[in-house]
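Working notes, structure below.
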Amino acid sequence: MRHRKSGVKLNRTPSHRQAMFRNLVTSLLKHDRIKTTDAKAKELRRWADHVITLAKRGDLHARRQALSIVREKAVVHRLFEEAPQRFGDTAGGYTRVVKIGHRPGDSAPVSMVELTGEKPAGGSPKK
């Protein structure tokens, strides 16, 4: 039985899976959209929505929890500045997954994951 076992395994060890999704979340928050396989994209939604919910909360404990997932301080700082304006009025669903076809090499289904919501005007420059 698979009761209370959330998340997909993706044929990886737990440490590899955790590192992979941390890197994917960091890239998504840094670049606002990334391309990845469908299975990874669907699981990435859970991770990204959790981090954005922490950023909307905005307190010190939430920032430390976000830093335990996203290891780049600049990305977390920018997210905590932009999240209340960008996602403040929505309750969940901060990411959008759009299927874009198949990868040429192995014919794996590929999706584009992007953040919803409008970017705040006069956003901070990327570092």
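If you're wondering about the labels, chains in the structure tokens are A, B, ... by order shown, residues count from 1 in each chain, ligands from 1 in order shown.
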For this session: Just the helix (DSSP H, G or I) stuff from chain A, please, per backbone DSSP, written as a ChimeraX atom specification.
Result: /A:14-31,38-57,60-69,73-87
List every residue of segment 57-121 of chain A that has an atom at most 8 Å from any atom of segment 15-38 of chain A, giving for each one its closest atom pair and the distance in Å to one decimal, counting only C-alpha atoms, sorted by chain and then by ascending residue number, as JSON lines.
{"residue": "A:Ile69", "atom": "CA", "partner": "A:Arg22", "partner_atom": "CA", "distance": 5.8}
{"residue": "A:Val70", "atom": "CA", "partner": "A:Thr26", "partner_atom": "CA", "distance": 5.6}
{"residue": "A:Arg71", "atom": "CA", "partner": "A:Thr26", "partner_atom": "CA", "distance": 7.7}
{"residue": "A:Glu72", "atom": "CA", "partner": "A:Thr26", "partner_atom": "CA", "distance": 7.4}
{"residue": "A:Val75", "atom": "CA", "partner": "A:Lys30", "partner_atom": "CA", "distance": 6.0}
{"residue": "A:Leu79", "atom": "CA", "partner": "A:Leu29", "partner_atom": "CA", "distance": 7.3}
{"residue": "A:Lys99", "atom": "CA", "partner": "A:Asp38", "partner_atom": "CA", "distance": 7.4}
{"residue": "A:Ala108", "atom": "CA", "partner": "A:Thr37", "partner_atom": "CA", "distance": 6.8}
{"residue": "A:Pro109", "atom": "CA", "partner": "A:Thr37", "partner_atom": "CA", "distance": 5.7}
{"residue": "A:Val110", "atom": "CA", "partner": "A:Thr37", "partner_atom": "CA", "distance": 4.3}
{"residue": "A:Ser111", "atom": "CA", "partner": "A:Asp38", "partner_atom": "CA", "distance": 5.4}
{"residue": "A:Met112", "atom": "CA", "partner": "A:Lys35", "partner_atom": "CA", "distance": 4.5}
{"residue": "A:Val113", "atom": "CA", "partner": "A:Arg33", "partner_atom": "CA", "distance": 5.4}
{"residue": "A:Glu114", "atom": "CA", "partner": "A:Arg33", "partner_atom": "CA", "distance": 4.1}
{"residue": "A:Leu115", "atom": "CA", "partner": "A:Asp32", "partner_atom": "CA", "distance": 5.6}
Problem set entry | Contact residues around Thr90 of chain A with only C-alpha atoms at 9 Å, ignoring same-chain residues under 4 positions, as a list in words | Arg86, Tyr94 and Gly117 of chain A
For this session: List every residue of segment 55-117 of chain A that DSSP, applied to the backbone, labels as strand (DSSP E), and write the result as a list in words.
Result: Thr95, Arg96, Val97, Val98, Lys99, Ile100, Gly101, His102, Pro109, Val110, Ser111, Met112, Val113, Glu114 and Leu115 of chain A
For the residues in that selection, give me N, CA, C and O atoms as a PDB file, in the first residue's frame.
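The resulting result-v8.pdb:
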ATOM      1  N   THR A  95       2.306  28.184 -10.104  1.00  0.00           N
ATOM      2  CA  THR A  95       3.074  27.706 -11.252  1.00  0.00           C
ATOM      3  C   THR A  95       2.128  27.192 -12.330  1.00  0.00           C
ATOM      4  O   THR A  95       1.006  26.777 -12.054  1.00  0.00           O
ATOM      5  N   ARG A  96       2.609  27.210 -13.559  1.00  0.00           N
ATOM      6  CA  ARG A  96       1.855  26.718 -14.700  1.00  0.00           C
ATOM      7  C   ARG A  96       2.747  25.726 -15.445  1.00  0.00           C
ATOM      8  O   ARG A  96       3.917  26.010 -15.694  1.00  0.00           O
ATOM      9  N   VAL A  97       2.196  24.572 -15.803  1.00  0.00           N
ATOM     10  CA  VAL A  97       2.930  23.566 -16.562  1.00  0.00           C
ATOM     11  C   VAL A  97       2.312  23.478 -17.944  1.00  0.00           C
ATOM     12  O   VAL A  97       1.120  23.198 -18.082  1.00  0.00           O
ATOM     13  N   VAL A  98       3.126  23.730 -18.981  1.00  0.00           N
ATOM     14  CA  VAL A  98       2.664  23.679 -20.363  1.00  0.00           C
ATOM     15  C   VAL A  98       3.471  22.606 -21.081  1.00  0.00           C
ATOM     16  O   VAL A  98       4.703  22.670 -21.118  1.00  0.00           O
ATOM     17  N   LYS A  99       2.777  21.638 -21.650  1.00  0.00           N
ATOM     18  CA  LYS A  99       3.472  20.578 -22.386  1.00  0.00           C
ATOM     19  C   LYS A  99       3.934  21.130 -23.724  1.00  0.00           C
ATOM     20  O   LYS A  99       3.160  21.762 -24.444  1.00  0.00           O
ATOM     21  N   ILE A 100       5.200  20.871 -24.061  1.00  0.00           N
ATOM     22  CA  ILE A 100       5.752  21.452 -25.288  1.00  0.00           C
ATOM     23  C   ILE A 100       6.243  20.411 -26.279  1.00  0.00           C
ATOM     24  O   ILE A 100       6.845  20.759 -27.276  1.00  0.00           O
ATOM     25  N   GLY A 101       6.013  19.140 -26.020  1.00  0.00           N
ATOM     26  CA  GLY A 101       6.394  18.130 -27.003  1.00  0.00           C
ATOM     27  C   GLY A 101       7.321  17.084 -26.429  1.00  0.00           C
ATOM     28  O   GLY A 101       7.296  16.792 -25.236  1.00  0.00           O
ATOM     29  N   HIS A 102       8.160  16.524 -27.316  1.00  0.00           N
ATOM     30  CA  HIS A 102       9.068  15.452 -26.938  1.00  0.00           C
ATOM     31  C   HIS A 102      10.507  15.865 -27.193  1.00  0.00           C
ATOM     32  O   HIS A 102      10.799  16.578 -28.164  1.00  0.00           O
ATOM     33  N   PRO A 109       8.660  13.102 -22.888  1.00  0.00           N
ATOM     34  CA  PRO A 109       7.755  14.257 -22.920  1.00  0.00           C
ATOM     35  C   PRO A 109       8.321  15.413 -22.094  1.00  0.00           C
ATOM     36  O   PRO A 109       8.740  15.221 -20.955  1.00  0.00           O
ATOM     37  N   VAL A 110       8.346  16.600 -22.683  1.00  0.00           N
ATOM     38  CA  VAL A 110       8.963  17.761 -22.056  1.00  0.00           C
ATOM     39  C   VAL A 110       7.900  18.832 -21.808  1.00  0.00           C
ATOM     40  O   VAL A 110       6.992  19.018 -22.624  1.00  0.00           O
ATOM     41  N   SER A 111       8.015  19.520 -20.677  1.00  0.00           N
ATOM     42  CA  SER A 111       7.088  20.583 -20.313  1.00  0.00           C
ATOM     43  C   SER A 111       7.856  21.844 -19.943  1.00  0.00           C
ATOM     44  O   SER A 111       9.019  21.794 -19.553  1.00  0.00           O
ATOM     45  N   MET A 112       7.162  22.968 -20.058  1.00  0.00           N
ATOM     46  CA  MET A 112       7.680  24.251 -19.609  1.00  0.00           C
ATOM     47  C   MET A 112       6.967  24.581 -18.300  1.00  0.00           C
ATOM     48  O   MET A 112       5.739  24.592 -18.242  1.00  0.00           O
ATOM     49  N   VAL A 113       7.741  24.837 -17.255  1.00  0.00           N
ATOM     50  CA  VAL A 113       7.185  25.239 -15.971  1.00  0.00           C
ATOM     51  C   VAL A 113       7.478  26.719 -15.812  1.00  0.00           C
ATOM     52  O   VAL A 113       8.627  27.146 -15.943  1.00  0.00           O
ATOM     53  N   GLU A 114       6.422  27.506 -15.549  1.00  0.00           N
ATOM     54  CA  GLU A 114       6.615  28.942 -15.401  1.00  0.00           C
ATOM     55  C   GLU A 114       5.805  29.457 -14.234  1.00  0.00           C
ATOM     56  O   GLU A 114       4.808  28.859 -13.841  1.00  0.00           O
ATOM     57  N   LEU A 115       6.280  30.557 -13.666  1.00  0.00           N
ATOM     58  CA  LEU A 115       5.572  31.186 -12.563  1.00  0.00           C
ATOM     59  C   LEU A 115       4.440  32.036 -13.108  1.00  0.00           C
ATOM     60  O   LEU A 115       4.605  32.741 -14.108  1.00  0.00           O
TER      61      LEU A 115
END
Exercise. Expressed in Å to a single decimal, how great is the separation between atom CA of Gly93 of chain A and atom CA of Leu44 of chain A?
Worked result: 12.1 Å
For this session: Can you work out the spacing between atom CA of Ala55 of chain A and atom CA of Phe80 of chain A in Å, to one decimal?
Result: 4.8 Å
Within 8 Å of Val76 of chain A, counting only C-alpha atoms, which residues show up once you throw out same-chain ones fewer than 6 positions away? Write them as a PDB file with N, CA and C atoms, in the first residue's frame, please.
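Writing the result to out_12.pdb gives the following:
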ATOM      1  N   ARG A  63      11.646  32.440   6.161  1.00  0.00           N
ATOM      2  CA  ARG A  63      12.850  32.697   5.365  1.00  0.00           C
ATOM      3  C   ARG A  63      13.901  31.614   5.606  1.00  0.00           C
ATOM      4  N   ALA A  66      12.800  28.491   3.813  1.00  0.00           N
ATOM      5  CA  ALA A  66      13.030  28.629   2.375  1.00  0.00           C
ATOM      6  C   ALA A  66      14.515  28.472   2.051  1.00  0.00           C
ATOM      7  N   LEU A  67      15.379  29.002   2.904  1.00  0.00           N
ATOM      8  CA  LEU A  67      16.821  28.865   2.679  1.00  0.00           C
ATOM      9  C   LEU A  67      17.285  27.422   2.838  1.00  0.00           C
ATOM     10  N   VAL A  70      16.040  26.355  -0.935  1.00  0.00           N
ATOM     11  CA  VAL A  70      16.747  27.120  -1.963  1.00  0.00           C
ATOM     12  C   VAL A  70      18.026  27.629  -1.332  1.00  0.00           C
TER      13      VAL A  70
END
For this session: To one decimal in Å, tell me the separation between atom CA of Lys9 of chain A and atom CA of Gln65 of chain A.
Result: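 Computed distance, atom CA of Lys9 of chain A to atom CA of Gln65 of chain A, equals 22.9 Å.
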For this session: Name all residues at most 8 Å from Ala39 of chain A (count only C-alpha atoms; drop same-chain ones fewer than 3 positions away) and give them as a ChimeraX atom specification.
Result: /A:10,42-43
